[in-house]
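Participant: This is the structure I want to talk about, given as structure tokens.
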Amino acid sequence: MRVLKKDYWKRFPQWADVSKWDWEDWKWQIRNRIRSLSQLEEILGIDLSHLKKVEKVFRTGTTPYYLSLVKDLSDLNNPILKQILPSCKEIDPQIQAEGSFDPFKEEVMSPVKGLTHRYPDRVLFRVTTFCSVYCRHCMRKRIFLEEERANRYEEYIRMIEYIRNNPIIKEVLISGGDPLTLPNRKLEFILEHLSRIEHVKIIRIGTRELVVNPYRFFDDGLLELLDRCDKLWIVTHFNHPDEVTDVVKKAVRNILSTGTPVLNQTVLLKGINDDPYIIEDLMRNLLQVKIKPYYLFYCDPTKGVMHFRTDIKRGIEILEHLRGKVSGMGIPVYAVDLPGGLGKVPLTPDYVLEETKEYLLLKSPEGKTVKINRLNFDIIDNHTKEQEDLCL
Ligand code: SF4
């Protein structure tokens with residue numbers, strides 16, 4: 001696990017005089033975020049003028065904390081930097097031709113502005129278009145094109161009313177932008193109203209603040225809110241083992257002390273984490289800080305993001321690698337979200353090679369084939385792939 005050493009950020013001349021007190025204040029991180037390529041140019045000390053045309057389409061942003069995770073600032077292929085540094089591929093018409101700004105029809109399946117009702121029992125409740133970091137691979141990249149703004153109270157009230165009037169809704173996913181960039185009083189308003197609706201049993205907050213600004217969870221006001229809302233789950237989004245730091249560990253401890261579980265969704269991203277050993281490290285690091293790996297998503301067909309897509313089979317290969325190496329707790333569900341709002345499909349390696357009324361031929365995590373009696377599970381035959389090839 002990466003350890004964020006004391007005063008680590010002081011290697012940046014811009015923040016050399018920042019006190020620990022300020023650095024660990026989540027609001028300071030947001031106030032002092034990097035919002036332009038020219039700021040990045042200054043920090044990285046390289047010419048990024050060729051990317052200005054990308055910035056005109058998709059905005060740039062990162063917290064100082066997240067940038068401080070980059071080990072070598074001169075390495076533009078660094079997995080952290082690649083998640084925040086614009087690329088010309090984002091606006092290349094050929095690369096992005098097959099992408100859509102709203103592949104899941106979130107805006108179409110929206111009975112009330114800001115709210116998407118795609119599955120019968122769940123709704124997506126979008127509260128802001130603001131994020132403290134603008135991830136280049138964001139599946140909701142269309143928000144980069146809108147102005148940065150939190151919804152107004154009247155808009156929240158209309159969304160809450162819709163949920164109150166539809167008892168079929170059991171679960172609300174609060175998302176954005178990033179909901180945890182909202183001030184506590186707005187969050188309190190939303191959480192209190194949703195919690196009081198009896199048919200809403202689960203409230204999930206989808207946030208990347210734990211990754212890019214974990215000091216958010218050092219805020220007593222927020223922790224008190226989490227403590228009060230017993231329907232709450234936090235779902236976060238770590239993509240690389242370097243993102244799991246000691247600061248994150250402390251933040252998770254704070255969240256768990258409020259009785260709120262923490263799950264993680266990773267997106268499979270070409271050139272960032274499409275490697276079985278990187279995902280293995282990530283899953284181990286997450287478990288170590290008590291975050292349960294939940295989903296590994298195949299990258300969505302979003303315009304501006306298509307260059308991050310791998311072959312769909314890559315995720316299955318990674319899952320095959322994990323099985324037998326990492327405990328079941330650390331193995332996420334690999335899934336593809338079908339375009340057009342048709343839902344998520346889990347993709348798994350094929351462990352059942354053959355099936356009859358009498359037996360099943362299974363593949364073990366070490367690649368052995370095992371034939372078992374279907375009724376009593378007795379092993380009928382058991383040999384490795386190499387032995388099988390020799391027999392042929
Ligand atoms: S924080 Fe989340 S919503 Fe914001 S840009 Fe990153 S992935 Fe998208």
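To be explicit about the labels: the chains of the structure tokens are called A, B, and onward in the order shown, and within each one the residues are counted from 1, while ligands get numbers from 1 in the order they are shown.
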Give the alpha helix (DSSP H) residues of region 9-237 of chain A, as assigned by DSSP on the backbone, as a count of residues only.
Facilitator: 70
Participant: Using only C-alpha atoms and all ligand atoms, determine which residues fall within 6 Å of ligand 1, then list them as a ChimeraX atom specification.
Facilitator: /A:131,133-135,138,140,176-178,208
Participant: Going by DSSP on the backbone, which bits of region 17-226 of chain A are strand (DSSP E or B)? Write them as a list in words, please.
Facilitator: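 So, restricting region 17-226 of chain A to strand (DSSP E or B), we get Ile34, Thr62, Ser100, Val112, Leu115, Thr116, Arg122, Val123, Leu124, Phe125, Arg126, Thr128, Ala150, Glu171, Val172, Leu173, Ile174, Ser175, Ile202, Ile203, Arg204, Ile205 and Gly206 of chain A.
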Participant: Which residues are near region 142-150 of chain A? Cut-off 9 Å, only C-alpha atoms, ignore same chain within fewer than 3 positions. Put them as a ChimeraX atom specification.
Facilitator: /A:57-60,101-102,127-131,134,138-139,176-177,179,182,302-303
Participant: Could those residues be written to a file, using all heavy atoms, as a short mmCIF file (atom, residue, chain, number, x, y, z; two decimals), in the first residue's frame?
Facilitator:
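Saved result, result-v4.cif, follows:
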```cif
data_model
loop_
_atom_site.label_atom_id
_atom_site.label_comp_id
_atom_site.auth_asym_id
_atom_site.auth_seq_id
_atom_site.Cartn_x
_atom_site.Cartn_y
_atom_site.Cartn_z
N VAL A 57 -13.40 21.79 -24.95
CA VAL A 57 -14.58 20.91 -25.00
C VAL A 57 -14.84 20.29 -23.62
O VAL A 57 -15.96 20.35 -23.11
CB VAL A 57 -14.37 19.77 -26.05
CG1 VAL A 57 -15.63 18.92 -26.17
CG2 VAL A 57 -13.96 20.34 -27.39
N PHE A 58 -13.82 19.68 -23.04
CA PHE A 58 -13.99 18.98 -21.76
C PHE A 58 -13.11 19.64 -20.70
O PHE A 58 -11.89 19.69 -20.88
CB PHE A 58 -13.57 17.51 -21.90
CG PHE A 58 -14.41 16.71 -22.86
CD1 PHE A 58 -13.83 16.11 -23.97
CD2 PHE A 58 -15.77 16.56 -22.66
CE1 PHE A 58 -14.59 15.36 -24.86
CE2 PHE A 58 -16.54 15.82 -23.55
CZ PHE A 58 -15.95 15.22 -24.65
N ARG A 59 -13.72 20.10 -19.62
CA ARG A 59 -12.91 20.85 -18.65
C ARG A 59 -11.91 19.99 -17.89
O ARG A 59 -12.02 18.77 -17.84
CB ARG A 59 -13.80 21.66 -17.70
CG ARG A 59 -14.79 20.90 -16.90
CD ARG A 59 -15.53 21.86 -15.94
NE ARG A 59 -16.63 21.17 -15.30
CZ ARG A 59 -17.90 21.33 -15.64
NH1 ARG A 59 -18.23 22.15 -16.61
NH2 ARG A 59 -18.84 20.65 -15.00
N THR A 60 -10.95 20.68 -17.27
CA THR A 60 -9.83 20.05 -16.56
C THR A 60 -9.98 20.33 -15.07
O THR A 60 -10.44 21.41 -14.70
CB THR A 60 -8.50 20.71 -17.00
OG1 THR A 60 -8.48 20.78 -18.42
CG2 THR A 60 -7.29 19.93 -16.51
N PHE A 101 -22.99 10.58 -25.84
CA PHE A 101 -22.88 11.37 -24.62
C PHE A 101 -23.77 10.82 -23.50
O PHE A 101 -23.54 11.08 -22.33
CB PHE A 101 -23.22 12.84 -24.89
CG PHE A 101 -22.05 13.61 -25.41
CD1 PHE A 101 -22.11 14.29 -26.61
CD2 PHE A 101 -20.86 13.65 -24.70
CE1 PHE A 101 -21.02 15.00 -27.10
CE2 PHE A 101 -19.76 14.34 -25.16
CZ PHE A 101 -19.84 15.02 -26.36
N ASP A 102 -24.78 10.06 -23.90
CA ASP A 102 -25.67 9.51 -22.87
C ASP A 102 -26.00 8.06 -23.24
O ASP A 102 -27.14 7.73 -23.60
CB ASP A 102 -26.95 10.37 -22.80
CG ASP A 102 -27.86 9.95 -21.65
OD1 ASP A 102 -27.43 9.14 -20.80
OD2 ASP A 102 -29.00 10.44 -21.60
N VAL A 127 -27.33 15.33 -8.07
CA VAL A 127 -27.48 16.52 -7.23
C VAL A 127 -26.60 17.70 -7.64
O VAL A 127 -26.79 18.81 -7.16
CB VAL A 127 -27.20 16.17 -5.74
CG1 VAL A 127 -28.25 15.22 -5.22
CG2 VAL A 127 -25.81 15.57 -5.55
N THR A 128 -25.62 17.46 -8.49
CA THR A 128 -24.70 18.55 -8.89
C THR A 128 -23.98 18.15 -10.18
O THR A 128 -23.89 16.96 -10.50
CB THR A 128 -23.65 18.82 -7.78
OG1 THR A 128 -22.75 19.83 -8.20
CG2 THR A 128 -22.85 17.58 -7.40
N THR A 129 -23.45 19.15 -10.88
CA THR A 129 -22.61 18.82 -12.05
C THR A 129 -21.15 19.10 -11.72
O THR A 129 -20.30 19.09 -12.59
CB THR A 129 -23.00 19.68 -13.27
OG1 THR A 129 -22.81 21.05 -12.93
CG2 THR A 129 -24.42 19.44 -13.71
N PHE A 130 -20.88 19.35 -10.43
CA PHE A 130 -19.52 19.71 -10.01
C PHE A 130 -18.76 18.50 -9.48
O PHE A 130 -19.32 17.66 -8.77
CB PHE A 130 -19.62 20.79 -8.91
CG PHE A 130 -18.28 21.19 -8.36
CD1 PHE A 130 -17.49 22.11 -9.02
CD2 PHE A 130 -17.81 20.62 -7.18
CE1 PHE A 130 -16.24 22.47 -8.51
CE2 PHE A 130 -16.57 20.98 -6.67
CZ PHE A 130 -15.79 21.91 -7.34
N CYS A 131 -17.46 18.43 -9.80
CA CYS A 131 -16.56 17.42 -9.22
C CYS A 131 -15.27 18.13 -8.86
O CYS A 131 -14.88 19.07 -9.55
CB CYS A 131 -16.22 16.34 -10.23
SG CYS A 131 -17.63 15.39 -10.76
N TYR A 134 -11.87 16.17 -12.49
CA TYR A 134 -12.59 15.74 -13.70
C TYR A 134 -11.84 14.57 -14.33
O TYR A 134 -10.81 14.76 -14.98
CB TYR A 134 -12.81 16.92 -14.66
CG TYR A 134 -13.85 17.85 -14.09
CD1 TYR A 134 -13.52 19.09 -13.58
CD2 TYR A 134 -15.17 17.43 -13.97
CE1 TYR A 134 -14.47 19.91 -12.99
CE2 TYR A 134 -16.14 18.23 -13.37
CZ TYR A 134 -15.77 19.46 -12.89
OH TYR A 134 -16.73 20.26 -12.29
N CYS A 138 -14.71 9.60 -17.36
CA CYS A 138 -16.04 9.68 -16.71
C CYS A 138 -17.16 9.23 -17.65
O CYS A 138 -17.26 9.70 -18.78
CB CYS A 138 -16.30 11.11 -16.26
SG CYS A 138 -17.89 11.28 -15.45
N MET A 139 -18.01 8.32 -17.18
CA MET A 139 -19.11 7.83 -18.01
C MET A 139 -20.22 8.90 -18.16
O MET A 139 -21.10 8.80 -18.99
CB MET A 139 -19.70 6.53 -17.48
CG MET A 139 -20.19 6.52 -16.05
SD MET A 139 -21.86 7.14 -15.83
CE MET A 139 -22.83 5.71 -16.27
N GLY A 176 -23.85 12.44 -9.24
CA GLY A 176 -23.67 13.80 -9.75
C GLY A 176 -23.15 13.77 -11.16
O GLY A 176 -23.68 13.04 -11.99
N GLY A 177 -22.03 14.48 -11.31
CA GLY A 177 -21.05 15.09 -10.43
C GLY A 177 -20.83 14.30 -9.13
O GLY A 177 -21.20 13.16 -9.02
N PRO A 179 -21.59 14.07 -5.26
CA PRO A 179 -22.49 14.59 -4.21
C PRO A 179 -21.74 15.10 -2.98
O PRO A 179 -22.21 16.00 -2.31
CB PRO A 179 -23.34 13.39 -3.82
CG PRO A 179 -23.05 12.32 -4.79
CD PRO A 179 -21.84 12.67 -5.59
N LEU A 182 -20.90 18.74 -2.15
CA LEU A 182 -21.95 19.65 -1.64
C LEU A 182 -21.65 20.01 -0.19
O LEU A 182 -21.08 19.21 0.55
CB LEU A 182 -23.32 18.96 -1.67
CG LEU A 182 -23.99 18.70 -3.00
CD1 LEU A 182 -25.37 18.09 -2.75
CD2 LEU A 182 -24.14 19.96 -3.83
N THR A 302 -18.86 5.87 -23.96
CA THR A 302 -19.17 7.30 -23.80
C THR A 302 -18.28 8.13 -24.72
O THR A 302 -17.08 7.87 -24.83
CB THR A 302 -18.92 7.72 -22.33
OG1 THR A 302 -19.66 6.87 -21.48
CG2 THR A 302 -19.30 9.17 -22.09
N LYS A 303 -18.88 9.11 -25.37
CA LYS A 303 -18.10 9.98 -26.26
C LYS A 303 -17.05 10.72 -25.43
O LYS A 303 -17.37 11.28 -24.38
CB LYS A 303 -19.02 10.98 -26.97
CG LYS A 303 -18.49 11.44 -28.29
CD LYS A 303 -19.46 12.31 -29.04
CE LYS A 303 -20.24 11.63 -30.15
NZ LYS A 303 -19.50 10.91 -31.15
#
```
Participant: List the spatial neighbours of Gly315 (chain A) as an MDAnalysis selection string - criterion: any atom at most 12 Å away, only C-alpha atoms, same-chain residues fewer than 5 positions off excluded.
Facilitator: chainID A and resid 266:270 273:276 279 295:299 309:310 320:322 331:336 346:349
Participant: Would you mind listing what lies within 8 Å of Trp9 (chain A) as JSON, numbers by chain, with only C-alpha atoms counted and same-chain residues fewer than 5 positions away left out?
Facilitator: {"A": [15, 16, 65, 68]}
Participant: What would the file look like if the residues just selected were written as an mmCIF file, in the first residue's frame with N, CA and C atoms?
Facilitator:
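The new file again_15.cif reads:
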```
data_model
loop_
_atom_site.group_PDB
_atom_site.id
_atom_site.type_symbol
_atom_site.label_atom_id
_atom_site.label_comp_id
_atom_site.auth_asym_id
_atom_site.auth_seq_id
_atom_site.Cartn_x
_atom_site.Cartn_y
_atom_site.Cartn_z
ATOM 1 N N TRP A 15 2.935 24.564 -3.207
ATOM 2 C CA TRP A 15 2.298 24.270 -1.926
ATOM 3 C C TRP A 15 3.323 24.088 -0.801
ATOM 4 N N ALA A 16 4.554 24.507 -1.074
ATOM 5 C CA ALA A 16 5.624 24.274 -0.099
ATOM 6 C C ALA A 16 5.325 24.900 1.262
ATOM 7 N N TYR A 65 -4.193 17.191 -3.594
ATOM 8 C CA TYR A 65 -3.933 15.881 -2.985
ATOM 9 C C TYR A 65 -3.790 14.812 -4.077
ATOM 10 N N SER A 68 -0.712 14.949 -5.970
ATOM 11 C CA SER A 68 0.469 14.571 -5.176
ATOM 12 C C SER A 68 0.699 13.053 -5.181
#
```
Participant: Using only C-alpha atoms, can you tell me which of A:His117, A:Gly304, A:Thr258, A:Pro103 comes closest to Asp337 (chain A)?
Facilitator: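 Comparing A:His117, A:Gly304, A:Thr258, A:Pro103 against Asp337 (chain A), the winner is A:Pro103.
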Participant: Which residue, A:Lys6, A:Lys344, A:His240, A:Lys250, has the smallest gap to Phe104 (chain A) when you use only C-alpha atoms?
Facilitator: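 The answer is A:Lys344, which sits nearest to Phe104 (chain A).
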Participant: Report as a PDB file with all heavy atoms, in the first residue's frame all protein, DNA and RNA residues lying within 7 Å of Leu226 (chain A), evaluated on only C-alpha atoms, omitting residues in the same chain fewer than 3 positions from it.
Facilitator:
```pdb
ATOM      1  N   LEU A 222     -19.915  15.985   8.501  1.00  0.00           N
ATOM      2  CA  LEU A 222     -20.323  14.929   7.564  1.00  0.00           C
ATOM      3  C   LEU A 222     -20.458  13.588   8.302  1.00  0.00           C
ATOM      4  O   LEU A 222     -21.432  12.862   8.102  1.00  0.00           O
ATOM      5  CB  LEU A 222     -19.309  14.792   6.414  1.00  0.00           C
ATOM      6  CG  LEU A 222     -19.626  13.637   5.464  1.00  0.00           C
ATOM      7  CD1 LEU A 222     -20.884  13.935   4.642  1.00  0.00           C
ATOM      8  CD2 LEU A 222     -18.468  13.344   4.521  1.00  0.00           C
ATOM      9  N   LEU A 223     -19.500  13.299   9.163  1.00  0.00           N
ATOM     10  CA  LEU A 223     -19.532  12.008   9.873  1.00  0.00           C
ATOM     11  C   LEU A 223     -20.780  11.914  10.743  1.00  0.00           C
ATOM     12  O   LEU A 223     -21.420  10.857  10.831  1.00  0.00           O
ATOM     13  CB  LEU A 223     -18.261  11.820  10.710  1.00  0.00           C
ATOM     14  CG  LEU A 223     -16.970  11.738   9.889  1.00  0.00           C
ATOM     15  CD1 LEU A 223     -15.754  11.689  10.787  1.00  0.00           C
ATOM     16  CD2 LEU A 223     -16.977  10.535   8.942  1.00  0.00           C
ATOM     17  N   CYS A 229     -27.907   8.631   9.460  1.00  0.00           N
ATOM     18  CA  CYS A 229     -28.700   8.014   8.393  1.00  0.00           C
ATOM     19  C   CYS A 229     -28.359   6.528   8.298  1.00  0.00           C
ATOM     20  O   CYS A 229     -27.345   6.153   7.709  1.00  0.00           O
ATOM     21  CB  CYS A 229     -28.405   8.726   7.079  1.00  0.00           C
ATOM     22  SG  CYS A 229     -29.371   8.081   5.733  1.00  0.00           S
ATOM     23  N   THR A 258     -19.151   5.188  11.615  1.00  0.00           N
ATOM     24  CA  THR A 258     -20.539   5.674  11.610  1.00  0.00           C
ATOM     25  C   THR A 258     -21.516   4.555  11.234  1.00  0.00           C
ATOM     26  O   THR A 258     -22.708   4.793  11.095  1.00  0.00           O
ATOM     27  CB  THR A 258     -20.723   6.825  10.586  1.00  0.00           C
ATOM     28  OG1 THR A 258     -20.593   6.283   9.255  1.00  0.00           O
ATOM     29  CG2 THR A 258     -19.706   7.927  10.769  1.00  0.00           C
ATOM     30  N   THR A 260     -21.465   2.937   8.366  1.00  0.00           N
ATOM     31  CA  THR A 260     -21.759   2.992   6.919  1.00  0.00           C
ATOM     32  C   THR A 260     -20.786   2.090   6.156  1.00  0.00           C
ATOM     33  O   THR A 260     -19.566   2.302   6.244  1.00  0.00           O
ATOM     34  CB  THR A 260     -21.596   4.450   6.406  1.00  0.00           C
ATOM     35  OG1 THR A 260     -22.310   5.314   7.280  1.00  0.00           O
ATOM     36  CG2 THR A 260     -22.096   4.601   4.987  1.00  0.00           C
TER      37      THR A 260
END
```
Participant: Measuring between only C-alpha atoms, which one of A:Pro241, A:Gly114, A:Pro293, A:Pro339 shows the shortest distance to Glu98 (chain A)?
Facilitator: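 Closest to Glu98 (chain A), using only C-alpha atoms: A:Pro339.
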Participant: Please provide the set of residues having any atom within 7 Å of Pro214 (chain A), restricted to only C-alpha atoms, with same-chain residues fewer than 5 positions apart removed, written as a list in words.
Facilitator: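 Once the adjacent positions are removed, what remains is Glu209, Val247, Val248 and Ala251 of chain A.
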Participant: Looking at A:Met329, A:Val18, A:Leu362, A:Leu180, which one is nearest to Asn382 (chain A), with distances taken over only C-alpha atoms?
Facilitator: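 With only C-alpha atoms as the atom set, the closest residue is A:Leu362.
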Participant: CA of Glu155 (chain A) to CA of Arg31 (chain A): how many Å, to one decimal?
Facilitator: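 According to the coordinates, CA of Glu155 (chain A) and CA of Arg31 (chain A) are separated by 25.5 Å.
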Participant: Of the candidates A:Ile157, A:Leu361, A:Ile43, A:Leu69, which one gets nearest to Asn213 (chain A) if we count only C-alpha atoms?
Facilitator: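 Ranked by minimum distance to Asn213 (chain A), first place goes to A:Leu69.
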Participant: From the set A:Phe218, A:Phe125, A:Ser110, A:Ile84, which residue has the shortest atom-to-atom contact distance to Trp21 (chain A), counting only C-alpha atoms?
Facilitator: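 Residue with the minimum atom-to-atom distance to Trp21 (chain A): A:Phe218.
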Participant: Report, in Å to a single decimal, how far apart CA of Ile379 (chain A) and CA of Lys357 (chain A) are.
Facilitator: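 One can read the CA of Lys357 (chain A) to CA of Ile379 (chain A) distance as 15.2 Å.
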